[in-house]
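Reviewing the structure listed below.
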Amino acid sequence: MATSVRKLAELLGGESRGNVDSFIADGQSIEKATPSDIVFVGDEAYLAKLKEANAGAVLLNAELAALADQDVCPAHIIVDDPQGAFIQLLEHFRPQRAPAHSGISADAHVRPSARFGDDTVVYPGAYIGDNVVTGKNCTVHHGVSIGAGCQLGNDVALYPGVALYPEVIIGDRVIIHASAVVGADGFGYRFVDGRHEKIPHFGSVQIGNDVEIGASATIDRGMIGDTLIGDGTKIDNLVIVAHNCEIGRHNAIAAQVGFAGSSTSGDYVVCGGQAGIADHVNIGARCMLAASTSAHKDTIAGETYAGIPAERIKDAMKSIMSQKKIPELRRTVRDLKEQVARLTSRLEALSETDDGQTRSAA
Amino acid sequence: MATSVRKLAELLGGESRGNVDSFIADGQSIEKATPSDIVFVGDEAYLAKLKEANAGAVLLNAELAALADQDVCPAHIIVDDPQGAFIQLLEHFRPQRAPAHSGISADAHVRPSARFGDDTVVYPGAYIGDNVVTGKNCTVHHGVSIGAGCQLGNDVALYPGVALYPEVIIGDRVIIHASAVVGADGFGYRFVDGRHEKIPHFGSVQIGNDVEIGASATIDRGMIGDTLIGDGTKIDNLVIVAHNCEIGRHNAIAAQVGFAGSSTSGDYVVCGGQAGIADHVNIGARCMLAASTSAHKDTIAGETYAGIPAERIKDAMKSIMSQKKIPELRRTVRDLKEQVARLTSRLEALSETDDGQTRSAA
Amino acid sequence: MATSVRKLAELLGGESRGNVDSFIADGQSIEKATPSDIVFVGDEAYLAKLKEANAGAVLLNAELAALADQDVCPAHIIVDDPQGAFIQLLEHFRPQRAPAHSGISADAHVRPSARFGDDTVVYPGAYIGDNVVTGKNCTVHHGVSIGAGCQLGNDVALYPGVALYPEVIIGDRVIIHASAVVGADGFGYRFVDGRHEKIPHFGSVQIGNDVEIGASATIDRGMIGDTLIGDGTKIDNLVIVAHNCEIGRHNAIAAQVGFAGSSTSGDYVVCGGQAGIADHVNIGARCMLAASTSAHKDTIAGETYAGIPAERIKDAMKSIMSQKKIPELRRTVRDLKEQVARLTSRLEALSETDDGQTRSAA
């Protein structure tokens, strides 16, 4: 699979220079590259690193190529989108295995009323419930369970052990990773006679197009209406989105984040790992929550928040800085106390002297 | 399925008034209701909201009905328990699908020594180990794995992909959601010769009656004795209850909470999301831990805690408030410093003047 | 299975004294022991507790035996390693069930190209992909999914519902608990034209020897290179190790910890529950992170950290203590303010008097 730099450039429709006849066998990060590896550089800061690394070839755009001496790397390939080209080359150097299965496995457990779009693959050991409908080109791996009445768009991939409870609706090009659970009952009870009495959950979950959901993430179904995940939103592993949440479009929600019941987010929200959003709280569009942030109140669109409880990042930083100043502040106050005590006694003494004086002057 | 308000009132044994011949087709939240929807009102605060909403009918109790003008909603149904009646109507408007399976599927993997109570359903692709015993009317979904020697009570539901390790004991009316794991080995090692040596876990897990366990929650087995979950306790998604914990009755434990090894809770404890309880710590009965609280020490029964580390809510609030006062405090201290410096030099000057004075007066 | 103390001592190669003919039926913790139970004592502090407990026999080492009066417990067995002996006796008193299966189940879904070492057991309902190779004596439980090209060492146990994505490499004596997911795509996107565009993950996961991974933990595959878990490292439930992390050897990582992308740890790192490590951060060898710590920067080898953001434990404690001092500090500052105001007006008055005086003296 090793390919000359010249050929790689042709493959990418790019321009090559330097040692264009050398052979490249793989893509690699700059730090770990060997002379048979190609790397990419996305911004100028990496050119210096590149010079000290051992890569055999580099992908860069015209702008960076103009800045880069030839000796930063034996061979250069100039392309419009170096990262995109790099991904293309990894696909070239590391071809995926042919899929093991096609069609609906005879060893899957499929209810007769289920309907599948063209080129959909169901692995052995998957379960497909009553009246399930899938689009074209879906892949349902081993151990997946699709409840009755679920609807999948085109090009959906469900990895091993995914559980869809009944009536879940999923858009096109959705990827759900292993052991994720969509549509379980929300955590809703009413307290009656000293007991938590279960509130049935009649709503479901709707997942937009181009959503990706991480391994062991859980998206609960709504109580009356549906829990919603907007188009293009990416959810990392071990996240919970609770009942009746409405998550906006193109959010990026890192691992172990928790959205409590009926919380909502605007479009383009970014949540760092382990952040928590309280119930009924709205995270405004384009907000960023730092890792471990705990948002108890609505946030203002476009702002960045951090801390427990969440503050705007400037205030959160000030809080942290302030806290670090306390020991110094305590020392200052102790000094002041002593100075004031001294001043007081000196003033006392002075008043007495003064009194004495006054008298002696009288 | 649309039904007149009059008929709905008959169904519920309630009293109807207003536009009782109008047809209602569904239940909805007040905010989202249309004229064909019925809603419920649980307290007075919602009557004003109701007036501005579009619901076709409302469920309320006699007390609220006395307060409500007819014009808050075209039709009223008066019942003792509006929320309970609302749930009943949702069941009426949104009938569940008939179950797809009955009995023990021939496509399940069932060991010959397993025994099932009447009306128990085992889905295709489930695994039932040696000497498993279930009560009546249990449902074991696809992909569930029940280890050897497990005992289930009556009316237990295990959703897809639940794993019960061997010898787990489960009460009546227990619901365990998809991908939850009960009875895995606790995280227990002894450090010998520079290595963590696994301590075998000979205990198991006992789960009381009326317990619900969320998706992808994990309850580890005990080392010598059993990990215990008390009757009526509800556990949300992605919670860990570690080895040898003893959780009380009627607890409500929100998502992503962690109980470390041998921690315990009294009855009626409530934990907000992402709270953590350190090993061997006891959470007193009726305590509430706010979301993200980290309890490192025993808590006092009936108290509410917040913060990392946990403090009683009053102290935690004071800590947060105090922290916000630091910048002001620093400004005050800076002012004081200047004032004291000025006072000092004035006093200095005055002493000198005074001295001069004394002399001149002499 | 009840056995005399004398026999138990023989079994262990230990020395018995006291009531050596009494029969013991089980092992138990000191607190819960009855006269038919044996317990172990690992350090002196427990001898006093033992005396007040009801255990029938105790395991202790020679050193402790020299300190222990006979009356702390009716029978003593003296061995080199009391805890190890105790585990051995639990194995004696509580024999495990015979395994239900042997060999490769005809009800498993096994691709023809898969190869298994001797004495490997594959349960019904497991899936084994193309070209999978296992070592000897592995156990693959029901519902496990092993992707194409995975390689397992000897004595590997995969519990129900574990998902290995393709090409994952696992060492010897590795235990992976139920619903854990190894090798899912990392959470990596590039933002192009207002959308998060998925970056394919061409790397995989390599897991060393003697690793244990908890229930529902997730270890993501690398983007270019592999995510690495070092020999002897133990990972608790619901942990995420993100793409391209390199976790050292003999780490102990408690439940719900999150390692963000490309973070690394040295050997012998210990992480308390719910700790978080930001992307690209290195946790130095032998570091300890307290529960709920959020490490945003590299940590110094051998140090203990706590807090959000992480500080060395001494500083974190100081921060917490400082914070508690704020209310007192505010009171002190208020007092000082008043004193300074009084001083100022007294000094004012004195100056005037003095001025008057000066004049009158003139």
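Ordering of the structure tokens sets the chain letters (A, B, ...), residue numbers begin anew at 1 in every chain, and ligands are numbered from 1 in the order given.
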
Test item: chain B residues at most 8 Å from chain A, counting only C-alpha atoms, as an mmCIF file with C-alpha atoms, in the first residue's frame:
```
data_model
loop_
_atom_site.group_PDB
_atom_site.id
_atom_site.type_symbol
_atom_site.label_atom_id
_atom_site.label_comp_id
_atom_site.auth_asym_id
_atom_site.auth_seq_id
_atom_site.Cartn_x
_atom_site.Cartn_y
_atom_site.Cartn_z
ATOM 1 C CA GLY B 27 -53.788 14.867 27.165
ATOM 2 C CA GLN B 28 -51.120 17.558 27.048
ATOM 3 C CA SER B 29 -49.121 19.984 29.170
ATOM 4 C CA ILE B 87 -52.613 9.618 33.774
ATOM 5 C CA LEU B 90 -53.506 9.267 28.786
ATOM 6 C CA ARG B 94 -52.798 6.365 23.964
ATOM 7 C CA ALA B 100 -45.403 -9.112 20.919
ATOM 8 C CA PRO B 124 -35.999 -14.271 21.942
ATOM 9 C CA GLY B 125 -32.306 -13.845 22.554
ATOM 10 C CA HIS B 142 -34.242 -9.510 24.358
ATOM 11 C CA GLY B 143 -30.590 -9.552 25.210
ATOM 12 C CA PRO B 160 -33.113 -5.212 26.831
ATOM 13 C CA GLY B 161 -29.517 -5.952 27.667
ATOM 14 C CA HIS B 177 -33.970 -0.588 32.529
ATOM 15 C CA ALA B 178 -31.847 -1.423 29.534
ATOM 16 C CA SER B 179 -28.142 -2.171 29.933
ATOM 17 C CA GLY B 214 -32.339 3.248 35.453
ATOM 18 C CA ALA B 215 -30.656 2.518 32.163
ATOM 19 C CA SER B 216 -26.946 1.659 32.400
ATOM 20 C CA GLY B 232 -39.450 1.423 47.050
ATOM 21 C CA THR B 233 -36.110 2.997 46.166
ATOM 22 C CA LYS B 234 -35.808 4.556 42.702
ATOM 23 C CA ASP B 236 -31.901 6.821 37.852
ATOM 24 C CA ASN B 237 -29.640 6.171 34.846
ATOM 25 C CA LEU B 238 -25.872 5.782 35.059
ATOM 26 C CA HIS B 250 -37.893 4.924 49.330
ATOM 27 C CA ALA B 254 -30.928 10.916 40.421
ATOM 28 C CA ALA B 255 -28.749 10.225 37.401
ATOM 29 C CA GLN B 256 -24.968 9.791 37.582
ATOM 30 C CA GLY B 273 -27.750 14.318 39.925
ATOM 31 C CA GLN B 274 -23.998 13.717 39.930
ATOM 32 C CA ALA B 291 -26.929 18.022 42.613
ATOM 33 C CA SER B 292 -23.118 17.659 42.437
ATOM 34 C CA GLN B 323 -16.917 33.950 48.242
ATOM 35 C CA LYS B 324 -18.803 36.516 46.213
ATOM 36 C CA ILE B 326 -14.241 38.644 48.572
ATOM 37 C CA PRO B 327 -13.665 41.272 45.851
ATOM 38 C CA ARG B 330 -10.443 43.235 49.254
ATOM 39 C CA VAL B 333 -9.215 46.243 53.133
ATOM 40 C CA LEU B 336 -8.562 50.649 55.290
ATOM 41 C CA LYS B 337 -4.873 50.193 54.616
ATOM 42 C CA VAL B 340 -4.552 53.587 58.464
ATOM 43 C CA LEU B 343 -3.883 58.132 60.181
ATOM 44 C CA THR B 344 -0.445 56.914 61.095
ATOM 45 C CA LEU B 347 -0.604 60.970 64.144
ATOM 46 C CA SER B 351 3.012 63.929 67.781
ATOM 47 C CA ASP B 354 2.714 68.261 69.841
ATOM 48 C CA THR B 358 5.279 71.040 74.315
ATOM 49 C CA ALA B 361 4.939 75.852 75.671
#
```

Do you know which residues are at most 7 Å from Gly117 of chain B counting only C-alpha atoms, after dropping those on the same chain fewer than 4 positions away, and could you put them as an NGL selection string? :B and (134-137)

Could you save the residues just selected, with C-alpha atoms, as a short mmCIF file (atom, residue, chain, number, x, y, z; two decimals), in the first residue's frame?
```cif
data_model
loop_
_atom_site.label_atom_id
_atom_site.label_comp_id
_atom_site.auth_asym_id
_atom_site.auth_seq_id
_atom_site.Cartn_x
_atom_site.Cartn_y
_atom_site.Cartn_z
CA THR B 134 -38.86 -16.21 38.54
CA GLY B 135 -42.21 -15.27 40.02
CA LYS B 136 -45.41 -14.69 38.08
CA ASN B 137 -45.89 -12.19 35.32
#
```

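Using only C-alpha atoms, the contacts of Asp37 of chain B at a cut-off of 10 Å, with sequence neighbours closer than 6 positions omitted, comprise Ala2, Phe23, Ile24, Ala25, Asp26, Gly27, Gln28, Ser29, Ile30, Asn54, Ala55, Gly56, Ala57 and Val58 of chain B.
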
Which of segment 10-141 of chain B DSSP labels helix (DSSP H, G or I), written as number ranges by chain: B: 10-12, 45-52, 62-67, 70-72, 82-93

For those residues, write N, CA and C atoms to a file as an mmCIF file, in the first residue's frame.
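Wrote again.cif, looks like this:
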```
data_model
loop_
_atom_site.group_PDB
_atom_site.id
_atom_site.type_symbol
_atom_site.label_atom_id
_atom_site.label_comp_id
_atom_site.auth_asym_id
_atom_site.auth_seq_id
_atom_site.Cartn_x
_atom_site.Cartn_y
_atom_site.Cartn_z
ATOM 1 N N GLU B 10 -67.586 10.680 33.140
ATOM 2 C CA GLU B 10 -68.186 9.406 33.565
ATOM 3 C C GLU B 10 -67.109 8.343 33.805
ATOM 4 N N LEU B 11 -66.202 8.290 32.841
ATOM 5 C CA LEU B 11 -65.095 7.329 32.928
ATOM 6 C C LEU B 11 -64.323 7.485 34.234
ATOM 7 N N LEU B 12 -64.155 8.736 34.654
ATOM 8 C CA LEU B 12 -63.343 9.037 35.838
ATOM 9 C C LEU B 12 -64.179 9.089 37.112
ATOM 10 N N ALA B 45 -51.457 28.188 41.319
ATOM 11 C CA ALA B 45 -50.570 29.001 40.483
ATOM 12 C C ALA B 45 -50.815 28.752 38.996
ATOM 13 N N TYR B 46 -51.290 27.554 38.683
ATOM 14 C CA TYR B 46 -51.453 27.221 37.274
ATOM 15 C C TYR B 46 -52.777 27.713 36.684
ATOM 16 N N LEU B 47 -53.687 28.167 37.530
ATOM 17 C CA LEU B 47 -54.978 28.626 37.001
ATOM 18 C C LEU B 47 -54.792 29.826 36.062
ATOM 19 N N ALA B 48 -53.913 30.733 36.436
ATOM 20 C CA ALA B 48 -53.649 31.900 35.590
ATOM 21 C C ALA B 48 -53.056 31.474 34.246
ATOM 22 N N LYS B 49 -52.096 30.544 34.319
ATOM 23 C CA LYS B 49 -51.492 30.024 33.076
ATOM 24 C C LYS B 49 -52.540 29.363 32.194
ATOM 25 N N LEU B 50 -53.432 28.649 32.861
ATOM 26 C CA LEU B 50 -54.480 27.928 32.133
ATOM 27 C C LEU B 50 -55.328 28.897 31.318
ATOM 28 N N LYS B 51 -55.649 30.031 31.928
ATOM 29 C CA LYS B 51 -56.511 31.013 31.273
ATOM 30 C C LYS B 51 -55.891 31.512 29.968
ATOM 31 N N GLU B 52 -54.569 31.599 29.962
ATOM 32 C CA GLU B 52 -53.886 32.089 28.765
ATOM 33 C C GLU B 52 -53.557 30.975 27.773
ATOM 34 N N ALA B 62 -61.959 19.715 43.730
ATOM 35 C CA ALA B 62 -63.073 20.561 44.142
ATOM 36 C C ALA B 62 -62.579 21.907 44.665
ATOM 37 N N GLU B 63 -61.508 21.875 45.417
ATOM 38 C CA GLU B 63 -60.954 23.086 46.013
ATOM 39 C C GLU B 63 -60.549 24.084 44.928
ATOM 40 N N LEU B 64 -59.803 23.583 43.930
ATOM 41 C CA LEU B 64 -59.383 24.465 42.846
ATOM 42 C C LEU B 64 -60.578 24.867 41.978
ATOM 43 N N ALA B 65 -61.524 23.927 41.792
ATOM 44 C CA ALA B 65 -62.702 24.228 40.986
ATOM 45 C C ALA B 65 -63.465 25.399 41.596
ATOM 46 N N ALA B 66 -63.492 25.470 42.931
ATOM 47 C CA ALA B 66 -64.183 26.568 43.608
ATOM 48 C C ALA B 66 -63.500 27.903 43.319
ATOM 49 N N LEU B 67 -62.191 27.864 43.139
ATOM 50 C CA LEU B 67 -61.428 29.086 42.854
ATOM 51 C C LEU B 67 -61.464 29.474 41.383
ATOM 52 N N GLN B 70 -65.276 29.809 35.337
ATOM 53 C CA GLN B 70 -65.533 28.928 34.201
ATOM 54 C C GLN B 70 -64.630 29.306 33.027
ATOM 55 N N ASP B 71 -64.354 30.579 32.867
ATOM 56 C CA ASP B 71 -63.650 30.993 31.644
ATOM 57 C C ASP B 71 -62.157 30.701 31.641
ATOM 58 N N VAL B 72 -61.617 30.066 32.703
ATOM 59 C CA VAL B 72 -60.203 29.656 32.614
ATOM 60 C C VAL B 72 -60.025 28.564 31.576
ATOM 61 N N PRO B 82 -56.485 15.041 40.380
ATOM 62 C CA PRO B 82 -56.388 15.443 38.962
ATOM 63 C C PRO B 82 -55.206 14.787 38.227
ATOM 64 N N GLN B 83 -54.040 14.688 38.879
ATOM 65 C CA GLN B 83 -52.893 14.104 38.193
ATOM 66 C C GLN B 83 -53.134 12.623 37.896
ATOM 67 N N GLY B 84 -53.699 11.912 38.892
ATOM 68 C CA GLY B 84 -54.013 10.496 38.695
ATOM 69 C C GLY B 84 -55.036 10.313 37.566
ATOM 70 N N ALA B 85 -56.039 11.194 37.544
ATOM 71 C CA ALA B 85 -57.060 11.124 36.488
ATOM 72 C C ALA B 85 -56.444 11.409 35.124
ATOM 73 N N PHE B 86 -55.511 12.365 35.103
ATOM 74 C CA PHE B 86 -54.832 12.720 33.851
ATOM 75 C C PHE B 86 -54.069 11.510 33.298
ATOM 76 N N ILE B 87 -53.352 10.819 34.191
ATOM 77 C CA ILE B 87 -52.613 9.618 33.774
ATOM 78 C C ILE B 87 -53.591 8.577 33.222
ATOM 79 N N GLN B 88 -54.733 8.440 33.906
ATOM 80 C CA GLN B 88 -55.752 7.480 33.455
ATOM 81 C C GLN B 88 -56.248 7.838 32.041
ATOM 82 N N LEU B 89 -56.422 9.111 31.796
ATOM 83 C CA LEU B 89 -56.896 9.531 30.460
ATOM 84 C C LEU B 89 -55.816 9.320 29.391
ATOM 85 N N LEU B 90 -54.560 9.540 29.769
ATOM 86 C CA LEU B 90 -53.506 9.267 28.786
ATOM 87 C C LEU B 90 -53.506 7.795 28.398
ATOM 88 N N GLU B 91 -53.752 6.941 29.392
ATOM 89 C CA GLU B 91 -53.853 5.507 29.083
ATOM 90 C C GLU B 91 -55.029 5.244 28.137
ATOM 91 N N HIS B 92 -56.100 6.028 28.315
ATOM 92 C CA HIS B 92 -57.278 5.905 27.453
ATOM 93 C C HIS B 92 -56.968 6.388 26.026
ATOM 94 N N PHE B 93 -56.309 7.545 25.918
ATOM 95 C CA PHE B 93 -56.075 8.144 24.598
ATOM 96 C C PHE B 93 -54.918 7.471 23.850
#
```

Based on the backbone DSSP call, show me all residues of segment 159-287 of chain C assigned strand (DSSP E or B), as a ChimeraX atom specification. /C:163-164,169-170,175-176,181-184,189-192,195-198,205-207,212-213,218-220,227-229,234-235,240-241,246-247,252-253,258-259,264-265,270-271,276-277,282-283

Quick one: everything within 9 Å of Val5 of chain B, counting only C-alpha atoms, minus sequence neighbours fewer than 4 positions away in the same chain. Send it as JSON, numbers by chain. {"B": [9, 10, 16, 17, 19, 20, 21, 22, 23, 24, 38, 57, 75, 76, 77]}

Can you list, as an mmCIF file with N, CA and C atoms, in the first residue's frame, every protein, DNA or RNA residue that comes within 6 Å of Gly171 of chain C when you count only C-alpha atoms, leaving out same-chain residues fewer than 3 positions away?
```
data_model
loop_
_atom_site.group_PDB
_atom_site.id
_atom_site.type_symbol
_atom_site.label_atom_id
_atom_site.label_comp_id
_atom_site.auth_asym_id
_atom_site.auth_seq_id
_atom_site.Cartn_x
_atom_site.Cartn_y
_atom_site.Cartn_z
ATOM 1 N N GLY C 153 -5.797 -12.329 24.620
ATOM 2 C CA GLY C 153 -4.780 -13.201 25.203
ATOM 3 C C GLY C 153 -5.408 -14.416 25.877
ATOM 4 N N ILE C 207 -5.110 -3.117 25.248
ATOM 5 C CA ILE C 207 -5.260 -3.302 26.697
ATOM 6 C C ILE C 207 -4.225 -4.314 27.155
ATOM 7 N N GLY C 208 -3.438 -3.921 28.175
ATOM 8 C CA GLY C 208 -2.334 -4.758 28.651
ATOM 9 C C GLY C 208 -2.809 -5.989 29.408
ATOM 10 N N ASN C 209 -1.867 -6.660 30.056
ATOM 11 C CA ASN C 209 -2.185 -7.837 30.867
ATOM 12 C C ASN C 209 -2.772 -7.425 32.214
#
```

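Taking atom CA of Gly222 of chain B and atom CA of Ser204 of chain B as the two end points, the separation is 5.3 Å.
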